[in-house]
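This is my_file_18.cif (mmCIF, C-alpha atoms).
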data_final
#
loop_
_atom_site.label_atom_id
_atom_site.label_comp_id
_atom_site.auth_asym_id
_atom_site.auth_seq_id
_atom_site.Cartn_x
_atom_site.Cartn_y
_atom_site.Cartn_z
CA MET E 296 0.00 0.00 0.00
CA ALA E 297 1.49 3.32 -1.03
CA ALA E 298 1.67 6.11 1.52
CA LYS E 299 -0.56 9.08 0.82
CA PHE E 300 1.84 11.58 2.37
CA SER E 301 5.62 11.36 2.20
CA SER E 302 8.13 12.64 4.74
CA LYS E 303 10.74 12.89 1.99
CA ARG E 304 9.32 16.13 0.60
CA PRO E 305 7.55 19.15 2.08
CA LEU E 306 3.75 19.08 2.15
CA THR E 307 1.84 21.29 -0.20
CA ASP E 308 -0.70 23.74 1.24
CA LYS E 309 -3.50 21.49 -0.02
CA GLU E 310 -2.03 18.42 1.68
CA GLU E 311 -1.47 20.34 4.92
CA ALA E 312 -5.09 21.56 4.86
CA GLU E 313 -6.31 17.99 4.30
CA ILE E 314 -4.26 16.71 7.25
CA GLN E 315 -5.52 19.50 9.52
CA LYS E 316 -9.10 18.72 8.45
CA MET E 317 -8.60 15.03 9.36
CA ILE E 318 -7.16 16.02 12.75
CA GLU E 319 -10.12 18.30 13.51
CA SER E 320 -12.66 15.63 12.54
CA ASP E 321 -11.28 12.99 14.93
CA PRO E 322 -14.02 12.50 17.58
CA ASP E 323 -11.77 10.43 19.87
CA ASN E 324 -9.11 13.10 20.24
CA PRO E 325 -10.43 16.67 20.09
CA GLU E 326 -7.95 19.52 20.28
CA LEU E 327 -7.54 21.09 23.70
CA THR E 328 -8.75 24.63 24.29
CA ASP E 329 -6.50 27.34 25.72
CA GLU E 330 -8.33 27.03 29.05
CA GLN E 331 -7.70 23.28 29.17
CA LEU E 332 -4.04 23.77 28.34
CA ALA E 333 -3.71 26.39 31.11
CA GLN E 334 -5.09 23.88 33.64
CA GLY E 335 -2.57 21.22 32.66
CA LYS E 336 -0.14 19.92 35.29
CA SER E 337 3.12 18.07 35.01
CA PHE E 338 3.16 14.35 35.80
CA LYS E 339 5.06 15.08 39.03
CA GLU E 340 2.36 17.54 40.18
CA ALA E 341 -0.59 15.39 39.10
CA PHE E 342 0.67 12.10 40.58
CA PRO E 343 3.27 12.85 43.28
CA ASP E 344 3.08 9.40 44.92
CA LEU E 345 3.45 7.54 41.64
CA HIS E 346 6.28 9.83 40.59
CA ALA E 347 8.12 9.17 43.84
CA SER E 348 7.65 5.42 43.50
CA ILE E 349 9.23 5.25 40.05
CA GLN E 350 12.16 7.58 40.71
CA ARG E 351 15.45 5.80 40.31
CA SER E 352 18.99 6.81 40.98
CA ARG E 353 21.47 6.61 38.16
CA GLY E 354 24.21 4.05 37.94
CA ARG E 355 24.79 0.76 39.64
CA PRO E 356 23.53 0.48 43.22
CA PRO E 357 26.25 0.41 45.89
CA VAL E 358 27.40 -2.99 47.16
CA GLU E 359 28.14 -3.80 50.80
CA ASN E 360 31.30 -5.80 50.00
CA PRO E 361 32.69 -4.47 46.72
CA LYS E 362 35.22 -6.53 44.80
CA GLN E 363 38.81 -5.31 44.70
CA GLN E 364 41.05 -5.24 41.68
CA VAL E 365 44.09 -7.52 41.95
CA SER E 366 47.06 -7.62 39.56
CA LEU E 367 48.91 -10.84 38.87
CA ARG E 368 52.03 -11.14 36.77
CA LEU E 369 52.78 -14.51 35.22
CA SER E 370 55.72 -15.75 33.27
CA PRO E 371 55.13 -16.31 29.52
CA ASP E 372 55.55 -20.09 30.03
CA VAL E 373 52.33 -20.26 32.00
#
Show me the file's structure as structure tokens.
Amino acid sequence: MAAKFSSKRPLTDKEEAEIQKMIESDPDNPELTDEQLAQGKSFKEAFPDLHASIQRSRGRPPVENPKQQVSLRLSPDV
């Protein structure tokens, strides 16, 4: 199936208008109004407990008994 719109070239004004018309006609995902956007909160503000539960520190967790590096020199015969 050939794609109707291509990302390899810029859209014409007609194609852009058609895409915008399809976006506006989607009943499952209406565009937000300015008032709705102003009421928006970040994930951290909206769900502080969930945000705290999924926070992770970076890197490997510390170990109680870390391994130590040891050097060993052997003769070439070994």
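Computed from the coordinates, the CA of Asp329 in chain E to CA of Lys316 in chain E distance equals 19.5 Å.
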How many Å separate CA of Lys299 in chain E from CA of Glu311 in chain E?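 A separation of 12.0 Å between them.
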So what do you get for CA of Lys336 in chain E versus CA of Ile349 in chain E, distance-wise?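 Answer for the CA of Lys336 in chain E to CA of Ile349 in chain E separation: 18.0 Å.
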Could range 350-361 of chain E be completed with all heavy atoms and returned as a CSV table (one decimal), in the frame of the given file?
chain,number,residue,atom,x,y,z
E,350,GLN,N,10.9,6.9,40.8
E,350,GLN,CA,12.2,7.6,40.7
E,350,GLN,C,13.3,6.6,40.9
E,350,GLN,O,13.2,5.7,41.8
E,350,GLN,CB,12.2,8.7,41.8
E,350,GLN,CG,11.5,9.9,41.4
E,350,GLN,CD,12.1,10.6,40.2
E,350,GLN,OE1,11.6,10.4,39.1
E,350,GLN,NE2,13.2,11.3,40.3
E,351,ARG,N,14.3,6.7,40.2
E,351,ARG,CA,15.4,5.8,40.3
E,351,ARG,C,16.7,6.6,40.3
E,351,ARG,O,16.8,7.7,39.7
E,351,ARG,CB,15.6,4.8,39.1
E,351,ARG,CG,14.4,3.9,39.0
E,351,ARG,CD,14.8,2.9,38.0
E,351,ARG,NE,13.5,2.5,37.2
E,351,ARG,CZ,13.5,1.6,36.3
E,351,ARG,NH1,14.5,1.0,35.9
E,351,ARG,NH2,12.4,1.4,35.7
E,352,SER,N,17.7,6.1,41.0
E,352,SER,CA,19.0,6.8,41.0
E,352,SER,C,19.8,6.3,39.8
E,352,SER,O,19.5,5.2,39.3
E,352,SER,CB,19.8,6.6,42.3
E,352,SER,OG,20.0,5.2,42.4
E,353,ARG,N,20.7,7.0,39.3
E,353,ARG,CA,21.5,6.6,38.2
E,353,ARG,C,22.6,5.7,38.6
E,353,ARG,O,23.2,5.9,39.7
E,353,ARG,CB,22.0,7.8,37.4
E,353,ARG,CG,20.9,8.6,36.8
E,353,ARG,CD,21.4,9.8,36.0
E,353,ARG,NE,20.4,10.4,35.3
E,353,ARG,CZ,20.2,10.3,34.0
E,353,ARG,NH1,21.0,9.6,33.2
E,353,ARG,NH2,19.2,10.9,33.4
E,354,GLY,N,23.0,4.9,37.7
E,354,GLY,CA,24.2,4.0,37.9
E,354,GLY,C,23.9,2.8,38.7
E,354,GLY,O,22.8,2.5,39.1
E,355,ARG,N,24.9,2.0,38.9
E,355,ARG,CA,24.8,0.8,39.6
E,355,ARG,C,24.6,1.0,41.1
E,355,ARG,O,25.3,1.9,41.7
E,355,ARG,CB,26.1,-0.1,39.4
E,355,ARG,CG,26.0,-1.4,40.0
E,355,ARG,CD,27.2,-2.2,39.6
E,355,ARG,NE,27.2,-2.5,38.2
E,355,ARG,CZ,28.0,-3.3,37.6
E,355,ARG,NH1,29.0,-3.9,38.3
E,355,ARG,NH2,27.9,-3.6,36.3
E,356,PRO,N,23.7,0.3,41.8
E,356,PRO,CA,23.5,0.5,43.2
E,356,PRO,C,24.8,0.1,44.0
E,356,PRO,O,25.5,-0.8,43.6
E,356,PRO,CB,22.4,-0.4,43.6
E,356,PRO,CG,22.2,-1.4,42.5
E,356,PRO,CD,22.8,-0.7,41.3
E,357,PRO,N,25.1,0.7,45.1
E,357,PRO,CA,26.2,0.4,45.9
E,357,PRO,C,26.2,-1.0,46.5
E,357,PRO,O,25.1,-1.5,46.8
E,357,PRO,CB,26.3,1.5,47.0
E,357,PRO,CG,24.9,2.0,47.0
E,357,PRO,CD,24.3,1.8,45.7
E,358,VAL,N,27.3,-1.6,46.6
E,358,VAL,CA,27.4,-3.0,47.2
E,358,VAL,C,28.0,-2.9,48.5
E,358,VAL,O,28.9,-2.1,48.8
E,358,VAL,CB,28.3,-3.9,46.2
E,358,VAL,CG1,28.3,-5.3,46.7
E,358,VAL,CG2,27.7,-3.8,44.8
E,359,GLU,N,27.6,-3.8,49.5
E,359,GLU,CA,28.1,-3.8,50.8
E,359,GLU,C,29.6,-4.2,50.8
E,359,GLU,O,30.4,-3.7,51.5
E,359,GLU,CB,27.3,-4.7,51.7
E,359,GLU,CG,26.0,-4.2,52.0
E,359,GLU,CD,25.2,-5.2,53.0
E,359,GLU,OE1,25.9,-6.0,53.7
E,359,GLU,OE2,24.0,-5.1,53.0
E,360,ASN,N,29.9,-5.3,50.1
E,360,ASN,CA,31.3,-5.8,50.0
E,360,ASN,C,31.8,-5.7,48.6
E,360,ASN,O,31.7,-6.7,47.8
E,360,ASN,CB,31.4,-7.3,50.5
E,360,ASN,CG,31.0,-7.4,51.9
E,360,ASN,OD1,31.3,-6.5,52.8
E,360,ASN,ND2,30.2,-8.4,52.3
E,361,PRO,N,32.3,-4.6,48.1
E,361,PRO,CA,32.7,-4.5,46.7
E,361,PRO,C,33.9,-5.3,46.4
E,361,PRO,O,34.8,-5.5,47.3
E,361,PRO,CB,33.0,-3.0,46.6
E,361,PRO,CG,33.3,-2.5,47.9
E,361,PRO,CD,32.5,-3.3,48.9
